[in-house]
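Here is the structure we will look at.
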Amino acid sequence: MKISKGQKAPEFSLFDSAKNKVSLADQKGKNIVLLFFPLAFTSVCTTELCNVRDNIAFYNNTNAQVYGISVDSVYSLAKYKEEQKLNFPLLSDFNKEVSAAYDSLMETFAFEMKGVSKRSAFVIDKEGVIQYAEILDNVGELPDFNAIRQTLDNLN
């Protein structure tokens, strides 16, 4: 399913790295930033998520909750979050259902891995409507953080 601005965000429930269940439905009233990333412990993913870590004050000031999502297990994500000192939740889409629902599932990744999340970014408003969608085919590229910030600024 193609995801685009203006449509209702697909609902989901995933476990975070602390083994808490997080549901999109429970986030009403907040702006949400979903950052799908291929794999923990890889260089571009680390650059992306550390950028968010280092700029978390901006997201907090725009009433935005950031979630990183990958197909890694909750255990891998917990170790990764600890090592990188990430200050926002990482969600495990181990079963790949949410990545698929957001059109963010790669058929084949490096080393013939199948079913890894594409690098993508979504901003969901307080009513659960997608206000920004970016799905990258090149995993070496980073999301357009300026566009994400502009979208969040416009929502406030």
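Please note that chains go A, B, ... in the order of the structure tokens, that every chain numbers its residues from 1, and that ligands are numbered from 1 in the order shown.
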Report as a PDB file with N, CA and C atoms, in the first residue's frame all protein, DNA and RNA residues lying within 12 Å of Ala25 of chain A, evaluated on only C-alpha atoms, omitting residues in the same chain fewer than 4 positions from it.
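Result written to around_23.pdb:
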ATOM      1  N   LYS A   8      -4.861   8.602   6.723  1.00  0.00           N
ATOM      2  CA  LYS A   8      -4.804   8.140   8.110  1.00  0.00           C
ATOM      3  C   LYS A   8      -3.615   7.189   8.247  1.00  0.00           C
ATOM      4  N   ALA A   9      -2.833   7.383   9.289  1.00  0.00           N
ATOM      5  CA  ALA A   9      -1.670   6.523   9.520  1.00  0.00           C
ATOM      6  C   ALA A   9      -2.132   5.120   9.907  1.00  0.00           C
ATOM      7  N   PRO A  10      -1.502   4.093   9.342  1.00  0.00           N
ATOM      8  CA  PRO A  10      -1.854   2.724   9.743  1.00  0.00           C
ATOM      9  C   PRO A  10      -1.588   2.501  11.232  1.00  0.00           C
ATOM     10  N   GLU A  11      -2.547   1.909  11.893  1.00  0.00           N
ATOM     11  CA  GLU A  11      -2.412   1.617  13.324  1.00  0.00           C
ATOM     12  C   GLU A  11      -1.373   0.517  13.536  1.00  0.00           C
ATOM     13  N   PHE A  12      -0.760   0.528  14.706  1.00  0.00           N
ATOM     14  CA  PHE A  12       0.196  -0.536  15.043  1.00  0.00           C
ATOM     15  C   PHE A  12       0.367  -0.614  16.550  1.00  0.00           C
ATOM     16  N   SER A  13       0.853  -1.757  16.983  1.00  0.00           N
ATOM     17  CA  SER A  13       1.313  -1.979  18.352  1.00  0.00           C
ATOM     18  C   SER A  13       2.604  -2.777  18.241  1.00  0.00           C
ATOM     19  N   LEU A  14       3.666  -2.237  18.846  1.00  0.00           N
ATOM     20  CA  LEU A  14       4.974  -2.891  18.830  1.00  0.00           C
ATOM     21  C   LEU A  14       5.592  -2.803  20.220  1.00  0.00           C
ATOM     22  N   LYS A  21       4.691  -2.364  25.457  1.00  0.00           N
ATOM     23  CA  LYS A  21       3.918  -2.310  24.219  1.00  0.00           C
ATOM     24  C   LYS A  21       3.532  -0.863  23.925  1.00  0.00           C
ATOM     25  N   GLY A  29      -3.076  13.148  20.314  1.00  0.00           N
ATOM     26  CA  GLY A  29      -2.775  14.385  21.008  1.00  0.00           C
ATOM     27  C   GLY A  29      -1.312  14.775  20.929  1.00  0.00           C
ATOM     28  N   LYS A  30      -0.492  13.901  20.336  1.00  0.00           N
ATOM     29  CA  LYS A  30       0.926  14.196  20.142  1.00  0.00           C
ATOM     30  C   LYS A  30       1.236  14.121  18.655  1.00  0.00           C
ATOM     31  N   ILE A  32       3.784  12.695  16.022  1.00  0.00           N
ATOM     32  CA  ILE A  32       4.626  11.502  16.047  1.00  0.00           C
ATOM     33  C   ILE A  32       5.587  11.548  14.859  1.00  0.00           C
ATOM     34  N   ILE A 124       3.275  12.220  11.777  1.00  0.00           N
ATOM     35  CA  ILE A 124       1.846  11.982  11.976  1.00  0.00           C
ATOM     36  C   ILE A 124       1.345  13.044  12.945  1.00  0.00           C
ATOM     37  N   LYS A 126      -1.518  15.145  15.438  1.00  0.00           N
ATOM     38  CA  LYS A 126      -2.220  14.794  16.667  1.00  0.00           C
ATOM     39  C   LYS A 126      -3.515  14.027  16.431  1.00  0.00           C
ATOM     40  N   GLU A 127      -4.027  14.094  15.200  1.00  0.00           N
ATOM     41  CA  GLU A 127      -5.265  13.381  14.853  1.00  0.00           C
ATOM     42  C   GLU A 127      -4.991  12.054  14.174  1.00  0.00           C
ATOM     43  N   GLY A 128      -3.703  11.705  14.001  1.00  0.00           N
ATOM     44  CA  GLY A 128      -3.358  10.429  13.374  1.00  0.00           C
ATOM     45  C   GLY A 128      -3.281  10.472  11.862  1.00  0.00           C
ATOM     46  N   VAL A 129      -3.117  11.675  11.291  1.00  0.00           N
ATOM     47  CA  VAL A 129      -3.040  11.831   9.838  1.00  0.00           C
ATOM     48  C   VAL A 129      -1.579  12.073   9.443  1.00  0.00           C
TER      49      VAL A 129
END
Any chance you could list, as a ChimeraX atom specification, the residues in chain A that come up strand (DSSP E) when DSSP is run on the backbone?
/A:13-16,21-23,31-36,64-70,90-92,105-108,114-117,120-124,130-135
For a quick check of understanding, using only C-alpha atoms, which of A:Val22, A:Ala40, A:Ile130, A:Leu155 has the smallest distance to Glu82 of chain A?
A:Ala40
d(atom CA of Ile148 of chain A, atom CA of Asn61 of chain A) in Å
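The value is 13.8 Å.
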Between A:Ala57, A:Leu136, A:Ala147, A:Val71, smallest distance to Ser117 of chain A by only C-alpha atoms belongs to A:Val71
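Near Asp137 of chain A, within 10 Å and counting only C-alpha atoms, sit Ser104, Met106, Lys118, Arg119 and Ser120 of chain A; same-chain residues fewer than 6 positions away were not included.
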How many Å separate atom CA of Gly6 of chain A from atom CA of Phe122 of chain A?
11.5 Å
Excluding segment 85-98 of chain A and its own-chain neighbours fewer than 5 positions away, which residues fall within 9 Å of it when counting only C-alpha atoms? Please give them as a PyMOL selection string.
chain A and resi 10-18+21-22+49-50+52-54+56+65-74+77-78+80+103-105+115-117
